[in-house]
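*Asks:* Below are the structure tokens for one structure; questions will follow.
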Amino acid sequence: MLGIVYKSTGSWYTIKSEDGSFFESRIKGKFRIKGIKSTNPIAVGDIVDFELETKSDETVGIITNIHDRKNYIVRKSVNLSKRTHIIAANVDQVFLMITLNNPPTFTTFIDRFLVTAEAYQIKTILLFNKIDTYNEDELLEIKYLAALYREIGYECIGISSKTGKNTDQVAGLMKNKVSMFAGHSGVGKSTLINHIEPNLNLRTAEISEQHRQGQHTTTFAEMFDLSFGARIIDTPGIKGFGIVDIDKSELGDYFPEFFAIKGQCKFNNCLHIDEPKCAVKEALENDEIPWSRYKSYRQILEGDDENYRTDIYGEN
Ligand SMILES: Nc1nc2c(ncn2[C@@H]2O[C@H](COP(=O)(O)OP(=O)(O)OP(=O)(O)O)[C@@H](O)[C@H]2O)c(=O)[nH]1
Ligand SMILES: [Mg+2]
Ligand SMILES: [Zn+2]
């Protein structure tokens, strides 16, 4: 049978089969997935083949095969430096929620997040939340930011999770897709989800309560079906997503507007720092690339000697 993993506790996996029934399942034998040293072989969102086994009145699923992943999100395991923990697989899109103040979301955070999402090949949509609270100047700033990111190619929507303004647009984008929500603590992720799907209320509350009790317990993601054919993956305690190691020479490729013109740099290994005839620097001087983006790029680039590692957790 074919199914999708909705929940994992490390040894047990909850699988939803094609006909909509749920099965508690285990892995048969050892799973090795090429190229990934992970503490968990199977994650929420994985598509698996499984069989049913009945022993003394109890039916459990046995996972026999995992299908190739479209993408996956990892975080480093606590205490196991080289190993990673796969948080979720096969994510269609992530909504990054942004507020100007209360709490502030800085462009460096947004850009680091976008770099990670580009590296993971996950589509990101920017949601500027709490638009019911802004004064005229603040609204102008939001409009400026939205225009900046739209120009690069990211979809941007101004919303209010509280009044429901434009949340139907978000729900429309979620239909028939697997979505995740990210952003600093307090930006309104839970409020938005509760507004879109009031019946989920209890469950999201339960999950964050659980997490608050133990800071360093491993967090498990869980997938939820919403009433209108959307699915979300909730990752308690993780306000954004994982970590990715990016080589310095590749970093510019994850800034789509740099990538688009890098062919015009004199050197094909141009890092866009102080090389002569650098198309990115020229575009910057001509105001064709926003300074905030270049600033983020330099910050990330200078962050580490060999690799840049993004730590995209909300509170850092
Ligand atoms: N005025 C206004 N308040 C909002 C809006 N969205 C959320 N809030 C408020 O902001 C606070 C934080 O919202 P949450 O939904 O709990 O934020 P969160 O992103 O889930 O935070 P964590 O679970 O800590 O990551 C709550 O008091 C909400 O009522 C909005 O659009 N407008
Ligand atoms: Mg929340
Ligand atoms: Zn260059």
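To be explicit about the labels: the chains of the structure tokens are called A, B, and onward in the order shown, and within each one the residues are counted from 1, while ligands get numbers from 1 in the order they are shown.
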Using only C-alpha atoms and all ligand atoms, find each residue with an atom at most 7 Å away from ligand 1 and format the answer as a list in words.
*Replies:*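 Listing the residues within 7 Å of ligand 1 gives Asn129, Lys130, Ile131, Asp132, Thr133, Ile159, Ser160, Ser161, Lys162, Thr163, Gly183, His184, Ser185, Gly186, Val187, Gly188, Lys189, Ser190, Thr191, Leu192, Ser208 and Lys239 of chain A.
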*Asks:* Please save N, CA, C and O atoms of the selected residues as a compact mmCIF listing (two decimals), in the first residue's frame.
*Replies:*
```
# COMPACT_ATOMS: atom_id res chain seq x y z
N ASN A 129 2.32 40.45 8.05
CA ASN A 129 1.16 40.31 8.93
C ASN A 129 0.95 41.56 9.81
O ASN A 129 1.82 42.42 9.89
N LYS A 130 -0.20 41.59 10.44
CA LYS A 130 -0.61 42.64 11.37
C LYS A 130 -0.78 43.99 10.68
O LYS A 130 -0.50 45.05 11.27
N ILE A 131 -1.23 43.97 9.41
CA ILE A 131 -1.38 45.25 8.71
C ILE A 131 -2.48 46.11 9.33
O ILE A 131 -2.57 47.29 9.05
N ASP A 132 -3.30 45.51 10.21
CA ASP A 132 -4.30 46.31 10.92
C ASP A 132 -3.68 47.23 11.97
O ASP A 132 -4.33 48.14 12.47
N THR A 133 -2.41 47.01 12.30
CA THR A 133 -1.80 47.78 13.39
C THR A 133 -0.88 48.91 12.93
O THR A 133 -0.41 49.70 13.74
N ILE A 159 -1.33 40.94 5.12
CA ILE A 159 -2.50 40.29 5.73
C ILE A 159 -2.71 40.76 7.17
O ILE A 159 -1.82 41.37 7.78
N SER A 160 -3.87 40.46 7.68
CA SER A 160 -4.10 40.57 9.11
C SER A 160 -4.74 39.26 9.59
O SER A 160 -5.85 38.94 9.19
N SER A 161 -4.01 38.55 10.39
CA SER A 161 -4.54 37.28 10.92
C SER A 161 -5.67 37.55 11.89
O SER A 161 -6.48 36.68 12.16
N LYS A 162 -5.66 38.76 12.41
CA LYS A 162 -6.67 39.10 13.41
C LYS A 162 -8.01 39.44 12.75
O LYS A 162 -9.04 38.88 13.08
N THR A 163 -7.99 40.35 11.75
CA THR A 163 -9.24 40.74 11.10
C THR A 163 -9.59 39.81 9.94
O THR A 163 -10.72 39.82 9.46
N GLY A 183 8.71 32.07 10.84
CA GLY A 183 8.79 33.46 11.25
C GLY A 183 9.03 33.53 12.76
O GLY A 183 8.81 32.56 13.47
N HIS A 184 9.48 34.69 13.20
CA HIS A 184 9.79 34.86 14.62
C HIS A 184 8.60 34.54 15.51
O HIS A 184 7.45 34.61 15.08
N SER A 185 8.91 34.27 16.74
CA SER A 185 7.86 34.04 17.72
C SER A 185 7.03 35.32 17.88
O SER A 185 7.58 36.41 18.01
N GLY A 186 5.72 35.18 17.80
CA GLY A 186 4.85 36.33 17.99
C GLY A 186 4.41 37.02 16.72
O GLY A 186 3.63 37.98 16.77
N VAL A 187 4.87 36.55 15.56
CA VAL A 187 4.46 37.20 14.31
C VAL A 187 3.02 36.86 13.93
O VAL A 187 2.41 37.54 13.11
N GLY A 188 2.49 35.77 14.51
CA GLY A 188 1.08 35.45 14.26
C GLY A 188 0.82 34.17 13.49
O GLY A 188 -0.24 34.02 12.88
N LYS A 189 1.75 33.24 13.53
CA LYS A 189 1.58 31.98 12.79
C LYS A 189 0.35 31.21 13.26
O LYS A 189 -0.50 30.81 12.46
N SER A 190 0.27 31.02 14.58
CA SER A 190 -0.87 30.26 15.11
C SER A 190 -2.17 31.00 14.88
O SER A 190 -3.19 30.38 14.53
N THR A 191 -2.14 32.32 15.04
CA THR A 191 -3.36 33.11 14.84
C THR A 191 -3.85 32.95 13.40
O THR A 191 -5.05 32.78 13.17
N LEU A 192 -2.94 32.97 12.46
CA LEU A 192 -3.32 32.82 11.05
C LEU A 192 -3.93 31.44 10.80
O LEU A 192 -5.00 31.32 10.19
N SER A 208 2.26 23.33 21.17
CA SER A 208 3.23 24.30 21.68
C SER A 208 3.37 24.18 23.21
O SER A 208 4.44 24.40 23.74
N LYS A 239 10.90 27.83 14.60
CA LYS A 239 10.16 28.96 14.04
C LYS A 239 10.47 29.17 12.57
O LYS A 239 9.82 29.90 11.88
```
*Asks:* Need to verify the contact set: Gly263 of chain A, 10 Å, only C-alpha atoms, exclusion of same-chain residues closer than 5 positions in sequence. Can you return it as a list in words?
*Replies:*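 Final neighbour list, sorted by chain and number: Phe258, Asn268, Asn269, Cys270, Cys278, Ala279 and Val280 of chain A.
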*Asks:* Given a cut-off of 12 Å, what residues near ligand 3 show up using only C-alpha atoms and all ligand atoms, put as an NGL selection string?
*Replies:* :A and (249 or 251-253 or 257-284 or 294)
*Asks:* Would you export the selected residues with C-alpha atoms as a PDB file, in the first residue's frame, please?
*Replies:*
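Saved to result23.pdb:
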```
ATOM      1  CA  SER A 249      31.273  30.285  -4.124  1.00  0.00           C
ATOM      2  CA  LEU A 251      26.062  31.726  -2.022  1.00  0.00           C
ATOM      3  CA  GLY A 252      25.399  34.297  -4.741  1.00  0.00           C
ATOM      4  CA  ASP A 253      23.412  31.694  -6.675  1.00  0.00           C
ATOM      5  CA  GLU A 257      18.769  38.696  -8.722  1.00  0.00           C
ATOM      6  CA  PHE A 258      22.541  38.162  -8.412  1.00  0.00           C
ATOM      7  CA  PHE A 259      22.338  34.812 -10.149  1.00  0.00           C
ATOM      8  CA  ALA A 260      20.477  36.392 -13.075  1.00  0.00           C
ATOM      9  CA  ILE A 261      23.388  38.697 -13.944  1.00  0.00           C
ATOM     10  CA  LYS A 262      26.471  36.855 -12.731  1.00  0.00           C
ATOM     11  CA  GLY A 263      27.208  35.750 -16.288  1.00  0.00           C
ATOM     12  CA  GLN A 264      28.134  39.373 -16.985  1.00  0.00           C
ATOM     13  CA  CYS A 265      30.812  39.504 -14.254  1.00  0.00           C
ATOM     14  CA  LYS A 266      34.321  39.490 -15.706  1.00  0.00           C
ATOM     15  CA  PHE A 267      35.374  36.475 -13.658  1.00  0.00           C
ATOM     16  CA  ASN A 268      33.176  33.438 -13.622  1.00  0.00           C
ATOM     17  CA  ASN A 269      34.135  32.745 -10.030  1.00  0.00           C
ATOM     18  CA  CYS A 270      33.357  36.319  -9.010  1.00  0.00           C
ATOM     19  CA  LEU A 271      32.296  36.659  -5.376  1.00  0.00           C
ATOM     20  CA  HIS A 272      31.006  40.192  -6.040  1.00  0.00           C
ATOM     21  CA  ILE A 273      33.275  41.743  -3.419  1.00  0.00           C
ATOM     22  CA  ASP A 274      35.948  43.886  -5.057  1.00  0.00           C
ATOM     23  CA  GLU A 275      36.658  42.098  -8.303  1.00  0.00           C
ATOM     24  CA  PRO A 276      36.928  44.365 -11.367  1.00  0.00           C
ATOM     25  CA  LYS A 277      33.989  44.528 -13.779  1.00  0.00           C
ATOM     26  CA  CYS A 278      31.553  42.891 -11.404  1.00  0.00           C
ATOM     27  CA  ALA A 279      28.007  43.055 -12.766  1.00  0.00           C
ATOM     28  CA  VAL A 280      26.478  42.721  -9.308  1.00  0.00           C
ATOM     29  CA  LYS A 281      28.453  45.664  -7.931  1.00  0.00           C
ATOM     30  CA  GLU A 282      27.555  47.706 -11.000  1.00  0.00           C
ATOM     31  CA  ALA A 283      23.877  46.870 -10.592  1.00  0.00           C
ATOM     32  CA  LEU A 284      24.186  47.877  -6.950  1.00  0.00           C
ATOM     33  CA  TYR A 294      23.832  43.073  -0.813  1.00  0.00           C
TER      34      TYR A 294
END
```
*Asks:* Near segment 13-16 of chain A, within 10 Å and counting only C-alpha atoms, which residues show up once chain neighbours fewer than 6 positions away are dropped, as a ChimeraX atom specification?
*Replies:* /A:2-7,22-27,42-50,60-63,222-223
*Asks:* Using the chain letters and numbers from this document, which residues of segment 45-244 of chain A does DSSP assign to helix (DSSP H, G or I), as a PyMOL selection string?
*Replies:* chain A and resi 107-120+131-133+136-152+167-174+189-196+198-213
*Asks:* As a ChimeraX atom specification, please: the residues near Ile125 of chain A (cut-off 9 Å, only C-alpha atoms, same-chain neighbours under 3 positions excluded).
*Replies:* /A:93-97,154-157
*Asks:* Just the selected residues (N, CA, C and O atoms), exported as a CSV table (one decimal), in the first residue's frame, please.
*Replies:*
```csv
chain,number,residue,atom,x,y,z
A,93,GLN,N,5.6,24.4,-0.1
A,93,GLN,CA,5.9,25.8,0.0
A,93,GLN,C,6.0,26.2,1.5
A,93,GLN,O,5.4,25.5,2.4
A,94,VAL,N,6.7,27.3,1.7
A,94,VAL,CA,6.8,27.8,3.1
A,94,VAL,C,6.3,29.3,3.1
A,94,VAL,O,6.7,30.0,2.2
A,95,PHE,N,5.5,29.6,4.1
A,95,PHE,CA,5.0,31.0,4.2
A,95,PHE,C,5.9,31.6,5.3
A,95,PHE,O,5.9,31.1,6.4
A,96,LEU,N,6.6,32.6,4.9
A,96,LEU,CA,7.4,33.3,5.9
A,96,LEU,C,6.6,34.5,6.4
A,96,LEU,O,6.3,35.5,5.6
A,97,MET,N,6.3,34.5,7.7
A,97,MET,CA,5.5,35.6,8.2
A,97,MET,C,6.4,36.7,8.8
A,97,MET,O,7.4,36.4,9.5
A,154,TYR,N,9.6,37.0,-5.5
A,154,TYR,CA,8.8,36.4,-4.4
A,154,TYR,C,7.4,37.0,-4.3
A,154,TYR,O,7.2,38.2,-4.4
A,155,GLU,N,6.5,36.1,-4.1
A,155,GLU,CA,5.1,36.5,-3.9
A,155,GLU,C,5.0,37.1,-2.5
A,155,GLU,O,5.5,36.6,-1.5
A,156,CYS,N,4.3,38.3,-2.4
A,156,CYS,CA,4.2,39.0,-1.1
A,156,CYS,C,2.7,39.4,-0.9
A,156,CYS,O,2.1,39.9,-1.8
A,157,ILE,N,2.2,39.1,0.3
A,157,ILE,CA,0.8,39.5,0.6
A,157,ILE,C,0.8,40.2,1.9
A,157,ILE,O,1.4,39.7,2.9
```
*Asks:* May I have all residues of segment 102-285 of chain A that DSSP, computed from the backbone, assigns to strand (DSSP E or B), given as a VMD selection string?
*Replies:* chain A and resid 123 to 128 155 to 158 178 to 182 222 to 225 231 to 234 243 to 247
*Asks:* Excluding same-chain residues fewer than 3 positions from Ile232 of chain A, what lies within 6 Å of it counting only C-alpha atoms, as a PyMOL selection string?
*Replies:* chain A and resi 178-180+223-224
*Asks:* For the selection just defined, write its residues with N, CA, C and O atoms to a file, as a tab-separated table (two decimals), in the first residue's frame.
*Replies:*
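Full text of selection.tsv as output:
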```tsv
chain	number	residue	atom	x	y	z
A	178	VAL	N	1.21	21.09	0.39
A	178	VAL	CA	1.74	20.91	1.75
A	178	VAL	C	2.51	22.18	2.10
A	178	VAL	O	3.48	22.53	1.41
A	179	SER	N	2.08	22.86	3.13
A	179	SER	CA	2.68	24.14	3.50
A	179	SER	C	3.29	24.10	4.89
A	179	SER	O	2.86	23.34	5.75
A	180	MET	N	4.30	24.96	5.06
A	180	MET	CA	4.85	25.19	6.40
A	180	MET	C	4.80	26.68	6.67
A	180	MET	O	4.78	27.48	5.74
A	223	MET	N	1.91	16.45	10.45
A	223	MET	CA	1.13	16.95	9.32
A	223	MET	C	-0.35	16.95	9.69
A	223	MET	O	-0.83	16.05	10.37
A	224	PHE	N	-1.06	17.99	9.26
A	224	PHE	CA	-2.50	18.08	9.52
A	224	PHE	C	-3.24	18.33	8.21
A	224	PHE	O	-2.80	19.12	7.37
```
*Asks:* My list of candidates is A:Gly20, A:Asn101, A:Val170, A:Asn194. Which is closest to ligand 2 when distances are computed with only C-alpha atoms and all ligand atoms?
*Replies:*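 Checking each candidate against ligand 2, we get A:Asn194 as the closest.
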*Asks:* In Å, with one decimal, what is the gap from atom CA of Thr116 of chain A to atom CA of Asp168 of chain A?
*Replies:*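 Distance reported for this atom pair: 27.2 Å.
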